[in-house]
$ cat final01.tsv   # TSV, C-alpha atoms and all ligand atoms
chain	number	residue	atom	x	y	z
A	204	SER	CA	17.76	-41.28	57.59
A	205	ASP	CA	15.54	-39.52	60.14
A	206	TYR	CA	14.77	-42.87	61.65
A	207	ASN	CA	18.43	-43.67	62.25
A	208	THR	CA	19.13	-40.25	63.69
A	209	ASN	CA	16.29	-40.70	66.09
A	210	LYS	CA	17.27	-44.23	66.99
A	211	ARG	CA	20.87	-43.32	67.66
A	212	HIS	CA	19.65	-40.47	69.79
A	213	ARG	CA	17.75	-42.95	71.98
A	214	SER	CA	20.50	-45.52	72.25
A	215	SER	CA	21.94	-46.06	75.72
A	216	ASP	CA	25.63	-45.79	74.87
A	217	GLU	CA	25.33	-42.53	72.97
A	218	SER	CA	28.21	-41.02	74.93
A	219	GLN	CA	30.48	-43.16	72.78
A	220	GLN	CA	28.87	-41.86	69.62
A	221	ARG	CA	28.57	-38.56	67.83
A	222	LEU	CA	25.87	-36.34	69.29
A	223	PRO	CA	22.68	-36.20	67.23
A	224	GLU	CA	22.50	-32.85	65.45
A	225	THR	CA	18.82	-33.05	64.57
A	226	LEU	CA	15.57	-34.61	65.73
A	227	SER	CA	12.85	-35.83	63.40
A	228	ALA	CA	9.24	-34.85	64.07
A	229	HIS	CA	7.73	-37.61	61.91
A	230	ARG	CA	4.68	-38.87	63.78
A	231	GLN	CA	5.31	-42.53	62.87
A	232	LEU	CA	8.49	-42.48	64.98
A	233	TYR	CA	6.54	-41.71	68.13
A	234	GLU	CA	3.80	-44.34	67.96
A	235	ARG	CA	4.83	-46.35	70.98
A	236	ASN	CA	3.43	-46.88	74.47
A	237	PHE	CA	2.27	-43.80	76.31
A	238	PRO	CA	5.18	-42.48	78.38
A	239	LEU	CA	4.99	-41.94	82.13
A	240	TYR	CA	3.32	-38.61	82.82
A	241	LYS	CA	2.82	-37.99	86.52
A	242	GLN	CA	-0.33	-36.24	87.71
A	243	PRO	CA	0.69	-32.56	87.78
A	244	VAL	CA	0.83	-31.05	91.27
A	245	GLU	CA	0.21	-27.36	91.83
A	246	VAL	CA	3.13	-25.95	93.80
A	247	GLY	CA	1.98	-22.35	93.59
A	248	PHE	CA	0.32	-19.59	91.61
A	249	PHE	CA	0.67	-15.91	90.86
A	250	SER	CA	-1.34	-13.05	89.41
A	251	LEU	CA	-0.68	-10.29	86.90
A	252	ASP	CA	-2.80	-7.17	87.33
A	253	SER	CA	-4.26	-4.73	84.79
A	254	ARG	CA	-0.80	-3.17	84.40
A	255	ARG	CA	0.95	-6.53	84.09
A	256	SER	CA	2.49	-6.28	87.56
A	257	PHE	CA	3.37	-9.51	89.40
A	258	PHE	CA	1.65	-10.52	92.63
A	259	ASN	CA	2.56	-13.62	94.58
A	260	ASP	CA	-1.10	-14.47	95.27
A	261	GLN	CA	-4.40	-15.49	93.61
A	262	ARG	CA	-6.06	-12.08	93.35
A	263	GLN	CA	-6.84	-12.63	89.64
A	264	LEU	CA	-8.40	-16.08	90.05
A	265	ARG	CA	-11.98	-16.07	88.76
A	266	TYR	CA	-14.95	-18.38	89.35
A	267	TYR	CA	-16.85	-20.35	86.76
A	268	VAL	CA	-20.53	-19.47	86.48
A	269	GLN	CA	-22.74	-21.95	84.60
A	270	PRO	CA	-24.64	-20.04	81.91
A	271	ARG	CA	-28.41	-20.18	81.35
A	272	LYS	CA	-29.81	-22.82	78.95
A	273	SER	CA	-29.75	-20.45	75.96
A	274	PRO	CA	-27.25	-17.70	76.69
A	275	ASP	CA	-27.36	-14.46	74.69
A	276	PHE	CA	-23.66	-13.67	74.62
A	277	ASN	CA	-22.56	-11.13	72.04
A	278	LEU	CA	-18.79	-11.45	71.84
A	279	ARG	CA	-18.46	-8.23	69.80
A	280	ASP	CA	-19.88	-6.12	72.60
A	281	GLY	CA	-17.34	-3.70	74.07
A	282	TYR	CA	-14.58	-4.27	71.51
A	283	THR	CA	-14.30	-0.59	70.62
A	284	SER	CA	-15.30	0.88	73.99
A	285	ARG	CA	-14.38	-1.44	76.89
A	286	PHE	CA	-11.19	-3.23	75.83
A	287	VAL	CA	-7.63	-2.78	77.09
A	288	LYS	CA	-5.31	-4.95	75.03
A	289	ARG	CA	-2.00	-6.28	76.29
A	290	ASP	CA	0.95	-5.03	74.24
A	291	ASP	CA	2.07	-8.28	72.59
A	292	SER	CA	5.17	-6.67	71.10
A	293	VAL	CA	6.64	-6.71	74.64
A	294	LYS	CA	8.51	-9.98	75.09
A	295	GLU	CA	8.32	-10.99	78.75
A	296	LYS	CA	10.25	-14.23	78.25
A	297	LEU	CA	10.23	-16.27	81.51
A	298	ASP	CA	10.37	-13.18	83.75
A	299	HIS	CA	7.13	-13.64	85.73
A	300	LEU	CA	7.82	-17.32	86.29
A	301	LEU	CA	11.37	-16.46	87.44
A	302	GLN	CA	9.88	-13.90	89.84
A	303	TRP	CA	7.66	-16.66	91.22
A	304	ILE	CA	10.64	-19.00	91.63
A	305	LEU	CA	12.65	-16.41	93.57
A	306	ALA	CA	9.73	-15.79	95.91
A	307	ASN	CA	8.93	-19.49	96.40
A	308	ARG	CA	12.14	-21.49	96.20
A	309	ASP	CA	11.20	-23.33	99.37
A	310	LYS	CA	7.95	-24.62	97.81
A	311	ILE	CA	9.56	-26.53	94.94
A	312	GLN	CA	9.48	-30.15	95.90
A	313	THR	CA	12.95	-31.62	95.77
A	314	ARG	CA	13.45	-35.23	96.62
A	315	ASP	CA	16.95	-36.69	97.12
A	316	GLN	CA	18.27	-33.23	97.83
A	317	THR	CA	19.67	-31.52	100.86
A	318	PRO	CA	17.59	-28.50	101.87
A	319	SER	CA	20.67	-26.28	101.49
A	320	SER	CA	21.36	-27.38	97.91
A	321	SER	CA	21.62	-24.48	95.49
A	322	ALA	CA	19.98	-26.39	92.65
A	323	LEU	CA	16.21	-26.21	92.03
A	324	GLY	CA	16.00	-29.98	91.64
A	325	VAL	CA	14.07	-29.88	88.35
A	326	ASP	CA	15.38	-30.57	84.86
A	327	PHE	CA	13.30	-27.99	82.98
A	328	VAL	CA	11.58	-24.67	83.71
A	329	THR	CA	9.26	-23.26	81.05
A	330	TRP	CA	5.77	-22.00	80.15
A	331	ARG	CA	2.97	-24.47	79.54
A	332	GLY	CA	2.29	-22.75	76.21
A	333	HIS	CA	5.78	-23.64	74.97
A	334	LEU	CA	5.20	-27.30	75.84
A	335	THR	CA	1.82	-27.19	74.08
A	336	LYS	CA	3.64	-26.21	70.89
A	337	VAL	CA	6.09	-29.07	71.34
A	338	LEU	CA	3.26	-31.58	71.91
A	339	THR	CA	1.44	-30.60	68.72
A	340	THR	CA	4.58	-30.45	66.54
A	341	PRO	CA	4.20	-33.92	64.90
A	342	TYR	CA	0.83	-32.74	63.52
A	343	GLU	CA	1.62	-29.10	62.75
A	344	THR	CA	1.85	-28.11	59.09
A	345	GLN	CA	1.51	-24.31	59.27
A	346	GLU	CA	3.63	-22.71	61.96
A	347	GLY	CA	7.18	-23.45	63.06
A	348	TRP	CA	8.79	-22.40	66.35
A	349	MET	CA	12.05	-21.36	67.96
A	350	LEU	CA	12.81	-22.31	71.54
A	351	ALA	CA	15.84	-20.94	73.37
A	352	ALA	CA	17.42	-23.08	76.13
A	353	SER	CA	20.08	-22.30	78.74
A	354	LYS	CA	21.38	-24.38	81.63
A	355	PHE	CA	21.88	-22.76	85.02
A	356	ARG	CA	22.71	-24.77	88.15
A	357	GLY	CA	21.60	-28.01	86.55
A	358	THR	CA	18.20	-26.74	85.37
A	359	ILE	CA	17.45	-26.05	81.71
A	360	TYR	CA	15.27	-22.98	81.13
A	361	ILE	CA	13.26	-22.95	77.89
A	362	SER	CA	11.83	-19.74	76.46
A	363	GLU	CA	10.21	-19.10	73.09
A	364	VAL	CA	11.71	-16.75	70.51
A	365	GLU	CA	9.26	-15.27	68.00
A	366	THR	CA	9.95	-16.46	64.45
A	367	ASP	CA	10.10	-13.93	61.61
A	368	ALA	CA	6.91	-15.46	60.20
A	369	ALA	CA	5.08	-15.12	63.54
A	370	ARG	CA	6.23	-11.51	63.84
A	371	GLU	CA	5.05	-10.80	60.31
A	372	ASN	CA	1.65	-12.33	61.14
A	373	ARG	CA	1.39	-10.34	64.35
A	374	GLU	CA	2.22	-7.07	62.63
A	375	THR	CA	-0.13	-7.56	59.69
A	376	ARG	CA	-3.28	-8.90	61.37
A	377	SER	CA	-6.51	-7.81	59.69
A	378	GLU	CA	-9.10	-5.79	61.57
A	379	ARG	CA	-11.33	-8.88	61.57
A	380	GLN	CA	-8.53	-11.02	63.10
A	381	GLU	CA	-7.82	-8.35	65.73
A	382	GLU	CA	-11.48	-8.30	66.72
A	383	MET	CA	-11.80	-12.07	66.80
A	384	MET	CA	-8.88	-12.31	69.23
A	385	TYR	CA	-11.04	-10.25	71.59
A	386	TRP	CA	-13.93	-12.69	71.38
A	387	GLY	CA	-12.21	-15.35	73.48
A	388	TYR	CA	-11.61	-12.89	76.31
A	389	LYS	CA	-15.15	-11.51	76.06
A	390	PHE	CA	-16.48	-15.06	76.45
A	391	GLU	CA	-14.42	-15.38	79.65
A	392	GLN	CA	-16.07	-12.22	80.99
A	393	TYR	CA	-19.56	-13.66	80.34
A	394	MET	CA	-18.61	-16.92	82.09
A	395	CYS	CA	-16.63	-15.76	85.13
A	396	ALA	CA	-17.20	-13.94	88.41
A	397	ASP	CA	-14.45	-12.15	90.30
A	398	ASN	CA	-15.63	-13.57	93.65
A	399	VAL	CA	-16.89	-16.94	94.83
A	400	ASP	CA	-20.34	-15.44	95.57
A	401	GLY	CA	-20.39	-13.10	92.59
A	402	THR	CA	-21.92	-13.04	89.10
A	403	PRO	CA	-20.32	-12.12	85.76
A	404	ASP	CA	-20.24	-8.44	84.79
A	405	PRO	CA	-20.60	-8.19	80.98
A	406	GLY	CA	-20.63	-4.38	81.31
A	407	GLY	CA	-17.09	-4.25	82.66
A	408	VAL	CA	-13.80	-3.66	80.85
A	409	VAL	CA	-11.96	-6.59	79.25
A	410	ASN	CA	-8.28	-6.12	80.10
A	411	THR	CA	-6.01	-8.81	78.65
A	412	ASN	CA	-3.09	-7.79	80.86
A	413	GLU	CA	-4.82	-9.51	83.77
A	414	ALA	CA	-3.91	-13.14	84.36
A	415	PHE	CA	-3.95	-15.88	86.97
A	416	CYS	CA	-1.22	-18.48	86.51
A	417	THR	CA	-0.76	-21.86	88.13
A	418	VAL	CA	2.71	-23.30	88.69
A	419	VAL	CA	2.85	-27.10	88.50
A	420	GLN	CA	5.46	-29.78	88.94
A	421	THR	CA	5.33	-33.11	87.17
A	422	ARG	CA	7.48	-35.67	85.42
A	423	LEU	CA	7.47	-36.83	81.78
A	424	ALA	CA	9.47	-40.08	81.47
A	425	ASP	CA	12.74	-39.14	83.22
A	426	HIS	CA	12.27	-35.38	82.83
A	427	LYS	CA	11.39	-33.42	85.97
A	428	LEU	CA	9.34	-30.41	84.88
A	429	LEU	CA	8.30	-27.15	86.50
A	430	PHE	CA	6.04	-25.01	84.35
A	431	SER	CA	3.39	-22.34	84.60
A	432	GLY	CA	0.29	-21.66	82.60
A	433	GLU	CA	-2.60	-19.23	82.63
A	434	VAL	CA	-5.82	-20.57	84.14
A	435	ASP	CA	-9.16	-19.10	83.09
A	436	CYS	CA	-11.18	-19.93	86.20
A	437	ARG	CA	-12.05	-22.51	88.88
A	438	VAL	CA	-15.33	-24.07	89.95
A	439	LYS	CA	-17.03	-22.40	92.93
A	440	ASP	CA	-17.57	-25.58	94.98
A	441	PRO	CA	-15.15	-25.38	97.92
A	442	ASP	CA	-15.26	-29.21	98.11
A	443	ALA	CA	-14.02	-29.57	94.53
A	444	PRO	CA	-10.71	-31.42	94.11
A	445	PRO	CA	-7.61	-29.38	94.90
A	446	ALA	CA	-5.94	-27.39	92.11
A	447	PRO	CA	-5.37	-28.11	89.27
A	448	GLY	CA	-8.40	-30.48	89.50
A	449	CYS	CA	-10.82	-27.59	90.16
A	450	TYR	CA	-9.69	-25.49	87.20
A	451	VAL	CA	-11.73	-24.87	84.06
A	452	GLU	CA	-10.39	-23.88	80.64
A	453	LEU	CA	-12.66	-21.66	78.54
A	454	LYS	CA	-12.60	-21.74	74.76
A	455	THR	CA	-14.53	-20.36	71.82
A	456	SER	CA	-14.92	-21.89	68.40
A	457	ALA	CA	-16.98	-21.39	65.27
A	458	GLU	CA	-20.32	-23.22	65.40
A	459	ILE	CA	-20.27	-26.62	63.69
A	460	CYS	CA	-22.80	-26.96	60.86
A	461	THR	CA	-21.32	-29.56	58.49
A	462	PRO	CA	-19.56	-32.96	58.81
A	463	LYS	CA	-16.45	-31.32	57.34
A	464	GLN	CA	-16.47	-28.66	60.06
A	465	GLN	CA	-16.99	-31.36	62.68
A	466	SER	CA	-14.03	-33.30	61.31
A	467	ASN	CA	-11.78	-30.21	61.25
A	468	PHE	CA	-12.79	-29.39	64.81
A	469	HIS	CA	-11.74	-32.88	65.92
A	470	ARG	CA	-8.51	-32.96	63.90
A	471	TYR	CA	-7.11	-29.50	64.61
A	472	LYS	CA	-8.89	-27.65	67.38
A	473	LEU	CA	-9.33	-30.52	69.86
A	474	LEU	CA	-5.62	-31.38	69.48
A	475	LYS	CA	-4.65	-27.89	70.68
A	476	TRP	CA	-7.30	-27.83	73.38
A	477	TRP	CA	-6.31	-31.25	74.65
A	478	ALA	CA	-2.55	-30.50	74.71
A	479	GLN	CA	-3.04	-27.19	76.52
A	480	SER	CA	-5.22	-28.64	79.30
A	481	PHE	CA	-3.73	-32.11	79.62
A	482	LEU	CA	-0.26	-30.72	80.42
A	483	PRO	CA	-1.24	-28.90	83.66
A	484	GLY	CA	-3.97	-31.41	84.57
A	485	VAL	CA	-6.96	-29.14	83.94
A	486	PRO	CA	-9.87	-31.62	83.77
A	487	GLN	CA	-12.56	-29.67	81.92
A	488	ILE	CA	-12.88	-27.36	78.96
A	489	VAL	CA	-16.04	-25.30	78.49
A	490	ALA	CA	-16.51	-24.25	74.89
A	491	GLY	CA	-18.70	-21.49	73.53
A	492	PHE	CA	-19.68	-22.08	69.89
A	493	ARG	CA	-20.36	-18.82	68.12
A	494	ASP	CA	-21.68	-17.76	64.75
A	495	HIS	CA	-20.01	-15.49	62.20
A	496	ASP	CA	-21.28	-12.39	64.03
A	497	GLY	CA	-19.86	-13.40	67.41
A	498	ILE	CA	-23.14	-14.59	68.93
A	499	VAL	CA	-22.69	-17.66	71.14
A	500	VAL	CA	-25.17	-20.29	69.96
A	501	SER	CA	-24.28	-23.11	72.38
A	502	VAL	CA	-22.04	-23.96	75.31
A	503	GLU	CA	-20.57	-27.44	75.69
A	504	THR	CA	-18.28	-29.07	78.27
A	505	PHE	CA	-15.45	-31.40	77.27
A	506	GLN	CA	-13.66	-33.65	79.74
A	507	THR	CA	-9.96	-33.42	78.87
A	508	SER	CA	-9.49	-37.12	79.62
A	509	LYS	CA	-12.27	-38.09	77.19
A	510	ILE	CA	-11.08	-36.09	74.19
A	511	SER	CA	-8.89	-38.91	72.87
A	512	GLN	CA	-11.95	-41.24	72.75
A	513	LEU	CA	-14.02	-38.53	71.08
A	514	ILE	CA	-11.64	-38.28	68.12
A	515	LYS	CA	-10.92	-41.98	67.64
A	516	ASN	CA	-13.43	-42.39	64.80
A	517	GLU	CA	-11.69	-39.69	62.78
A	518	TYR	CA	-9.61	-41.17	59.95
A	519	ASN	CA	-5.84	-40.72	60.36
A	520	CYS	CA	-6.32	-38.55	63.45
A	521	TRP	CA	-3.83	-37.28	66.03
A	522	LYS	CA	-2.79	-39.47	68.96
A	523	PRO	CA	-1.91	-38.29	72.48
A	524	THR	CA	0.89	-40.88	72.71
A	525	VAL	CA	2.65	-39.39	69.65
A	526	CYS	CA	2.48	-35.92	71.20
A	527	MET	CA	3.85	-37.07	74.56
A	528	ASN	CA	6.57	-39.32	73.12
A	529	PHE	CA	7.76	-36.55	70.81
A	530	CYS	CA	7.89	-34.14	73.76
A	531	SER	CA	9.83	-36.65	75.84
A	532	ASP	CA	12.33	-37.28	73.02
A	533	PHE	CA	12.66	-33.54	72.34
A	534	LEU	CA	13.50	-32.94	76.02
A	535	SER	CA	16.06	-35.79	75.85
A	536	PHE	CA	17.48	-34.15	72.71
A	537	ILE	CA	17.77	-30.82	74.56
A	538	LYS	CA	19.52	-32.55	77.46
A	539	SER	CA	22.00	-34.18	75.07
A	540	VAL	CA	22.80	-30.81	73.44
A	541	VAL	CA	22.67	-28.36	76.36
A	542	LYS	CA	25.64	-29.68	78.29
A	543	GLU	CA	27.39	-26.48	79.37
A	544	ASP	CA	26.06	-24.92	82.59
A	545	ASP	CA	26.28	-21.25	81.65
A	546	PRO	CA	23.29	-18.87	81.47
A	547	ARG	CA	25.19	-16.65	79.00
A	548	LEU	CA	25.06	-19.50	76.48
A	549	VAL	CA	21.82	-19.98	74.56
A	550	TYR	CA	21.04	-23.03	72.49
A	551	LEU	CA	18.41	-22.02	69.96
A	552	PHE	CA	16.24	-24.92	68.79
A	553	ARG	CA	14.29	-24.37	65.63
A	554	TRP	CA	11.60	-26.37	63.90
A	555	ASP	CA	9.79	-25.64	60.65
A	556	PRO	CA	6.96	-27.75	59.20
A	557	HIS	CA	8.21	-30.73	57.16
A	558	ARG	CA	11.73	-30.29	58.60
A	559	ASP	CA	13.76	-31.75	61.46
A	560	VAL	CA	14.49	-29.90	64.71
A	561	THR	CA	17.91	-28.23	64.46
A	562	TYR	CA	19.88	-25.94	66.77
A	563	THR	CA	22.48	-23.18	66.87
A	564	VAL	CA	24.58	-21.91	69.79
A	565	HIS	CA	24.82	-18.24	70.83
A	566	ARG	CA	26.84	-16.41	73.51
A	567	ASP	CA	25.64	-13.13	75.10
A	568	SER	CA	23.06	-12.74	72.37
A	569	PRO	CA	19.62	-11.04	72.37
A	570	PHE	CA	18.19	-14.55	72.92
A	571	THR	CA	19.58	-14.66	76.46
A	572	ILE	CA	16.88	-16.03	78.78
A	573	LEU	CA	18.02	-15.48	82.34
A	574	PRO	CA	18.25	-11.85	83.51
A	575	ASP	CA	21.00	-10.67	85.86
A	576	TRP	CA	18.52	-10.05	88.67
A	577	TYR	CA	17.59	-13.74	88.64
A	578	ILE	CA	21.15	-15.05	88.54
A	579	LYS	CA	22.27	-12.64	91.28
A	580	ASP	CA	19.38	-13.53	93.59
A	581	MET	CA	19.85	-17.27	93.04
A	582	LYS	CA	23.51	-16.94	94.00
A	583	SER	CA	22.81	-14.94	97.18
A	601	LIG	P1	-10.17	-18.77	72.58
A	601	LIG	O1	-9.40	-19.85	73.24
A	601	LIG	O2	-11.61	-18.85	72.88
A	601	LIG	O3	-9.84	-18.69	71.13
A	601	LIG	P2	-6.91	-19.21	76.18
A	601	LIG	O4	-8.01	-19.96	75.50
A	601	LIG	O5	-5.59	-19.86	76.04
A	601	LIG	O6	-7.32	-18.99	77.60
A	601	LIG	O7	-6.78	-17.79	75.50
A	601	LIG	C1	-7.82	-16.83	75.63
A	601	LIG	C2	-8.05	-16.10	74.34
A	601	LIG	O8	-6.87	-15.43	73.91
A	601	LIG	C3	-8.39	-16.98	73.17
A	601	LIG	O9	-9.69	-17.36	73.24
A	601	LIG	C4	-8.09	-16.05	72.00
A	601	LIG	O10	-9.14	-15.15	71.83
A	601	LIG	C5	-6.87	-15.35	72.50
A	601	LIG	N1	-5.67	-16.04	72.04
A	601	LIG	C6	-4.90	-16.88	72.75
A	601	LIG	N2	-3.88	-17.33	72.02
A	601	LIG	C7	-4.00	-16.79	70.81
A	601	LIG	C8	-3.27	-16.86	69.59
A	601	LIG	N3	-2.17	-17.62	69.48
A	601	LIG	N4	-3.70	-16.17	68.56
A	601	LIG	C9	-4.81	-15.42	68.66
A	601	LIG	N5	-5.54	-15.30	69.76
A	601	LIG	C10	-5.15	-15.97	70.82
A	602	MG	MG	-6.60	-18.37	79.26
A	603	MG	MG	-9.19	-20.13	77.48
$ encode --input "final01.tsv" --output "structure tokens"
Amino acid sequence: SDYNTNKRHRSSDESQQRLPETLSAHRQLYERNFPLYKQPVEVGFFSLDSRRSFFNDQRQLRYYVQPRKSPDFNLRDGYTSRFVKRDDSVKEKLDHLLQWILANRDKIQTRDQTPSSSALGVDFVTWRGHLTKVLTTPYETQEGWMLAASKFRGTIYISEVETDAARENRETRSERQEEMMYWGYKFEQYMCADNVDGTPDPGGVVNTNEAFCTVVQTRLADHKLLFSGEVDCRVKDPDAPPAPGCYVELKTSAEICTPKQQSNFHRYKLLKWWAQSFLPGVPQIVAGFRDHDGIVVSVETFQTSKISQLIKNEYNCWKPTVCMNFCSDFLSFIKSVVKEDDPRLVYLFRWDPHRDVTYTVHRDSPFTILPDWYIKDMKS
């Protein structure tokens, strides 16, 4: 059964046994004590400009500006006239994060390692967004995922591969869906200033190529992680806690008018919001609730650490411990499968709703994660 597969996978003398071929995502299997999750530490950051070029600095970091009591944000404004959309058919894989690693190898904190060691000293390198998908897997019923993994010098790199279903969705989005994807970025423009002493400029262009990304190190159970995620803005106060404690995540959501909508917001949206911000240690989420026409009707702040209390009255609701234990076990599963240290080998992990996680192995395939420029530079 799934339970036995999972149990065998966690047993201590598994080297004597057959490797587990699958991993169950049944939430009941992960209801145990919250695993160790160390406070994430920012080890660096980088910026992507309006042309998606990499800069090893914080030029794209923006500052949170508290809105007036009743803001008059129209999220539809500028969609047809002042919007430059990132080309999401271009698959960047881990490239920008790898660029950051090459430029900052000395900044990655490695304990129990000689300074001259060639290894990075972390078990996994990935994007925060990929881990968010792993965290929410035990509760996901709509969308599956594929995650490619390769081991190079002792570190496993994990990069998402777009599923056929996700590609189909991306290529057949309705005009309404396309416009609503803009609304989240427009909200950011209303809420952020480019400079610490500045004010938002709602008349400017929204360019979704631009990004500021934090790079954090942490540990989940016995997994040493290095990952990066986009950060929307930081608070202006120079005496605020150091990053990531000063960062603010911005979100939009449909206004809540009925108990059913309130319940759905708790059950589905807050799960995703919590997972995304908890992982990198972003302490607050500022949400703009908007009506059907894209007018923001209220702005509310959520403390990431209080979200789990907020949802506790919801019947049969999601639990942070299930998310984190599943992630920890999935990373253990990857470690047990990805044994060969060879960046030309890709282990492709796949999960579909109501199924177990499975994997296939590929050599020199289009799924390859690590580019030659990275491998060459790491060896020099
Ligand atoms: P909302 O979060 O307000 O929906 P993020 O919140 O992660 O900073 O992302 C900023 C915006 O990008 C989102 O705003 C949304 O508009 C868009 N976006 C991000 N991920 C998306 C996805 N998977 N599908 C559609 N839009 C997405
Ligand atoms: Mg963002
Ligand atoms: Mg956001």
$ closest_residue --input "final01.tsv" --among "A:Gln263, A:Gln420, A:Thr524, A:Asn372" --to "ligand MG 602 (chain A)" --atoms "all atoms listed in the file"
A:Gln263
$ closest_atom_pairs --input "final01.tsv" --of "chain A" --to "ligand LIG 601 (chain A)" --cutoff "10 Å" --atoms "only C-alpha atoms and all ligand atoms" --output "tab-separated table"
residue	atom	partner	partner_atom	distance
A:Gly332	CA	A:LIG601	O5	8.4
A:Ala369	CA	A:LIG601	N3	9.7
A:Asn372	CA	A:LIG601	N4	9.9
A:Arg373	CA	A:LIG601	N4	8.8
A:Arg376	CA	A:LIG601	C9	9.9
A:Gln380	CA	A:LIG601	C9	8.0
A:Glu381	CA	A:LIG601	C9	8.2
A:Glu382	CA	A:LIG601	O10	8.9
A:Met383	CA	A:LIG601	O10	6.5
A:Met384	CA	A:LIG601	O10	3.9
A:Tyr385	CA	A:LIG601	O10	5.3
A:Trp386	CA	A:LIG601	O10	5.4
A:Gly387	CA	A:LIG601	O9	3.2
A:Tyr388	CA	A:LIG601	C2	5.2
A:Lys389	CA	A:LIG601	O10	8.2
A:Phe390	CA	A:LIG601	O2	7.1
A:Glu391	CA	A:LIG601	C1	7.9
A:Thr411	CA	A:LIG601	O8	8.2
A:Ala414	CA	A:LIG601	O6	9.6
A:Gly432	CA	A:LIG601	O5	9.0
A:Glu433	CA	A:LIG601	O6	6.9
A:Val434	CA	A:LIG601	O6	6.9
A:Asp435	CA	A:LIG601	O6	5.8
A:Cys436	CA	A:LIG601	O6	9.5
A:Val451	CA	A:LIG601	O6	9.8
A:Glu452	CA	A:LIG601	O6	6.5
A:Leu453	CA	A:LIG601	O4	5.8
A:Lys454	CA	A:LIG601	O2	3.6
A:Thr455	CA	A:LIG601	O2	3.5
A:Ser456	CA	A:LIG601	O2	6.3
A:Ala457	CA	A:LIG601	O3	9.6
A:Lys472	CA	A:LIG601	O3	9.8
A:Lys475	CA	A:LIG601	O1	9.7
A:Trp476	CA	A:LIG601	O4	8.2
A:Gln479	CA	A:LIG601	O5	7.8
A:Ser480	CA	A:LIG601	O5	9.4
A:Ile488	CA	A:LIG601	O4	9.5
A:Val489	CA	A:LIG601	O2	9.6
A:Ala490	CA	A:LIG601	O2	7.6
A:Gly491	CA	A:LIG601	O2	7.6
A:Phe492	CA	A:LIG601	O2	9.2
A:Arg493	CA	A:LIG601	O2	10.0
$ atom_distance --input "final01.tsv" --atom1 "CA of Trp303 (chain A)" --atom2 "CA of Gly324 (chain A)"
15.7 Å
$ closest_residue --input "final01.tsv" --among "A:Gln392, A:Asn410, A:Thr402, A:Asn519" --to "ligand MG 603 (chain A)" --atoms "all atoms listed in the file"
A:Gln392
$ closest_residue --input "final01.tsv" --among "A:Pro556, A:Gly407, A:Asp440, A:Thr417" --to "Arg285 (chain A)" --atoms "all atoms listed in the file"
A:Gly407
$ atom_distance --input "final01.tsv" --atom1 "CA of Pro274 (chain A)" --atom2 "CA of Cys395 (chain A)"
13.7 Å
$ closest_residue --input "final01.tsv" --among "A:Glu503, A:Asp309, A:Glu413, A:Glu245" --to "Pro445 (chain A)" --atoms "all atoms listed in the file"
A:Glu245
$ atom_distance --input "final01.tsv" --atom1 "CA of Trp576 (chain A)" --atom2 "CA of Phe258 (chain A)"
17.3 Å
$ residues_around --input "final01.tsv" --residues "Leu338 (chain A)" --least-positions-apart "2" --cutoff "7 Å" --atoms "all atoms listed in the file" --output "list of chain:residue names"
A:Leu334, A:Thr335, A:Lys336, A:Thr340, A:Ala478, A:Cys526, A:Met527, A:Phe529, A:Cys530
$ closest_residue --input "final01.tsv" --among "A:Val408, A:Ile572, A:Met394, A:Leu548" --to "ligand MG 603 (chain A)" --atoms "only C-alpha atoms and all ligand atoms"
A:Met394
$ residues_around --input "final01.tsv" --residues "Thr421 (chain A)" --least-positions-apart "2" --cutoff "6 Å" --atoms "all atoms listed in the file" --output "ChimeraX atom specification"
/A:241,243,428
$ write_last_selection --input "final01.tsv" --atoms "C-alpha atoms" --output "CSV table (one decimal), keeping the file's coordinate frame"
chain,number,residue,atom,x,y,z
A,241,LYS,CA,2.8,-38.0,86.5
A,243,PRO,CA,0.7,-32.6,87.8
A,428,LEU,CA,9.3,-30.4,84.9
$ closest_residue --input "final01.tsv" --among "A:Gln302, A:Arg553, A:Ser227, A:Ser531" --to "Asp367 (chain A)" --atoms "only C-alpha atoms"
A:Arg553
$ residues_around --input "final01.tsv" --residues "Val541 (chain A)" --least-positions-apart "5" --cutoff "12 Å" --atoms "only C-alpha atoms" --output "JSON, numbers by chain"
{"A": [222, 224, 326, 327, 351, 352, 353, 354, 355, 357, 358, 359, 360, 361, 533, 534, 535, 536, 546, 548, 549, 550, 551, 552, 562, 563, 564, 565]}
